[in-house]
Amino acid sequence: MGGMIDISDKKPVYREAKAFGRIILKEDTISKIREGSIKKGNPLVVAEVAALNAVKQTHLLIPMCHQLLLNTIEVAHKINESNIEVTVTVKTVAKTGVEMEALVGVSIFLNNVWDMVKYLEKDENGQYPETKIEEIKVLNKIKK
């Protein structure tokens, strides 16, 4: 095993990454989210807190990531007719990073939404034929 990359000689610089993802849900599920009638509570609030926590713990989830001191984490979501989109922006001044942190934040946001609405998404066989997480990607990265 190779271990973590040695960043000892790198200089800290401003770093920012924005990641995106989407969860496809039934229109009825989207309506219930908008109405505030999800049994477990508001999935968007819970998912935002989960995303913030996940970003801060990325180094524990992805073993080769360095632990970073973060300047800020921004989570923004948009509810559409048949999906919810999320972007997570992470900023720091460091020797490495922030793309993985942004991606982890997006992933955990979307997984928390799925967890909280899964009872509405299941079919008669307990499957999820319409539910899908897609397009998780880094939209941009800035290094100055």
# chains A, B, ... in the order shown; residues from 1 in each chain; ligands from 1
>>> residues_around(residues="region 133-141 of chain A", least_positions_apart="3", cutoff="6 Å", atoms="only C-alpha atoms", output="ChimeraX atom specification")
/A:16-23
>>> write_last_selection(atoms="C-alpha atoms", output="mmCIF file, in the first residue's frame")
data_model
loop_
_atom_site.group_PDB
_atom_site.id
_atom_site.type_symbol
_atom_site.label_atom_id
_atom_site.label_comp_id
_atom_site.auth_asym_id
_atom_site.auth_seq_id
_atom_site.Cartn_x
_atom_site.Cartn_y
_atom_site.Cartn_z
ATOM 1 C CA GLU A 16 -12.771 25.897 -3.562
ATOM 2 C CA ALA A 17 -14.801 23.090 -5.090
ATOM 3 C CA LYS A 18 -18.464 22.863 -6.005
ATOM 4 C CA ALA A 19 -20.125 19.475 -6.529
ATOM 5 C CA PHE A 20 -23.588 18.604 -7.810
ATOM 6 C CA GLY A 21 -25.988 15.689 -7.666
ATOM 7 C CA ARG A 22 -29.644 14.845 -8.147
ATOM 8 C CA ILE A 23 -32.173 12.374 -6.775
#
>>> select_by_dssp(residues="region 82-120 of chain A", states="alpha helix (DSSP H)", output="VMD selection string")
chain A and resid 99 to 120
>>> residues_around(residues="Lys118 (chain A)", least_positions_apart="4", cutoff="10 Å", atoms="only C-alpha atoms", output="MDAnalysis selection string")
chainID A and resid 25 29 112:114 122:123 126:128 131
>>> select_by_dssp(residues="chain A", states="strand (DSSP E or B)", output="VMD selection string")
chain A and resid 13 to 24 72 to 79 83 to 94 132 to 143
>>> write_last_selection(atoms="C-alpha atoms", output="PDB file, in the first residue's frame")
ATOM      1  CA  VAL A  13      -3.437  28.224  -1.187  1.00  0.00           C
ATOM      2  CA  TYR A  14      -7.104  29.155  -1.486  1.00  0.00           C
ATOM      3  CA  ARG A  15      -9.116  26.170  -2.676  1.00  0.00           C
ATOM      4  CA  GLU A  16     -12.771  25.897  -3.562  1.00  0.00           C
ATOM      5  CA  ALA A  17     -14.801  23.090  -5.090  1.00  0.00           C
ATOM      6  CA  LYS A  18     -18.464  22.863  -6.005  1.00  0.00           C
ATOM      7  CA  ALA A  19     -20.125  19.475  -6.529  1.00  0.00           C
ATOM      8  CA  PHE A  20     -23.588  18.604  -7.810  1.00  0.00           C
ATOM      9  CA  GLY A  21     -25.988  15.689  -7.666  1.00  0.00           C
ATOM     10  CA  ARG A  22     -29.644  14.845  -8.147  1.00  0.00           C
ATOM     11  CA  ILE A  23     -32.173  12.374  -6.775  1.00  0.00           C
ATOM     12  CA  ILE A  24     -35.102  11.311  -8.944  1.00  0.00           C
ATOM     13  CA  THR A  72     -16.943  27.290   4.895  1.00  0.00           C
ATOM     14  CA  ILE A  73     -19.397  24.765   3.543  1.00  0.00           C
ATOM     15  CA  GLU A  74     -22.414  25.888   1.533  1.00  0.00           C
ATOM     16  CA  VAL A  75     -25.297  23.515   0.779  1.00  0.00           C
ATOM     17  CA  ALA A  76     -27.981  24.619  -1.685  1.00  0.00           C
ATOM     18  CA  HIS A  77     -30.866  22.550  -2.983  1.00  0.00           C
ATOM     19  CA  LYS A  78     -33.605  22.996  -5.556  1.00  0.00           C
ATOM     20  CA  ILE A  79     -36.856  21.049  -5.642  1.00  0.00           C
ATOM     21  CA  ASN A  83     -36.179  15.514  -8.580  1.00  0.00           C
ATOM     22  CA  ILE A  84     -34.168  17.379  -6.008  1.00  0.00           C
ATOM     23  CA  GLU A  85     -30.827  18.874  -6.994  1.00  0.00           C
ATOM     24  CA  VAL A  86     -28.098  19.778  -4.552  1.00  0.00           C
ATOM     25  CA  THR A  87     -24.821  21.643  -4.779  1.00  0.00           C
ATOM     26  CA  VAL A  88     -22.198  21.651  -2.076  1.00  0.00           C
ATOM     27  CA  THR A  89     -19.420  24.239  -2.122  1.00  0.00           C
ATOM     28  CA  VAL A  90     -16.398  23.825   0.128  1.00  0.00           C
ATOM     29  CA  LYS A  91     -13.735  26.501   0.694  1.00  0.00           C
ATOM     30  CA  THR A  92     -10.422  26.379   2.500  1.00  0.00           C
ATOM     31  CA  VAL A  93      -6.842  27.588   2.488  1.00  0.00           C
ATOM     32  CA  ALA A  94      -4.791  24.414   2.498  1.00  0.00           C
ATOM     33  CA  LYS A 132     -32.325   7.111  -8.626  1.00  0.00           C
ATOM     34  CA  ILE A 133     -29.316   9.176  -7.572  1.00  0.00           C
ATOM     35  CA  GLU A 134     -27.500  10.549 -10.591  1.00  0.00           C
ATOM     36  CA  GLU A 135     -24.973  12.983 -11.986  1.00  0.00           C
ATOM     37  CA  ILE A 136     -22.785  13.334  -8.920  1.00  0.00           C
ATOM     38  CA  LYS A 137     -19.888  15.376 -10.226  1.00  0.00           C
ATOM     39  CA  VAL A 138     -17.510  18.235  -9.544  1.00  0.00           C
ATOM     40  CA  LEU A 139     -18.869  21.325 -11.269  1.00  0.00           C
ATOM     41  CA  ASN A 140     -15.749  23.382 -10.738  1.00  0.00           C
ATOM     42  CA  LYS A 141     -12.565  23.716  -8.752  1.00  0.00           C
ATOM     43  CA  ILE A 142     -10.677  26.902  -7.972  1.00  0.00           C
ATOM     44  CA  LYS A 143      -7.091  27.058  -6.777  1.00  0.00           C
TER      45      LYS A 143
END
>>> atom_distance(atom1="CA of Leu120 (chain A)", atom2="CA of Leu52 (chain A)")
25.5 Å
>>> closest_residue(among="A:Met4, A:Ala54, A:Val49, A:Ile30", to="Ala102 (chain A)", atoms="only C-alpha atoms")
A:Ala54
>>> closest_residue(among="A:Ile7, A:Val104, A:Val117, A:Ala47", to="Leu61 (chain A)", atoms="only C-alpha atoms")
A:Val104
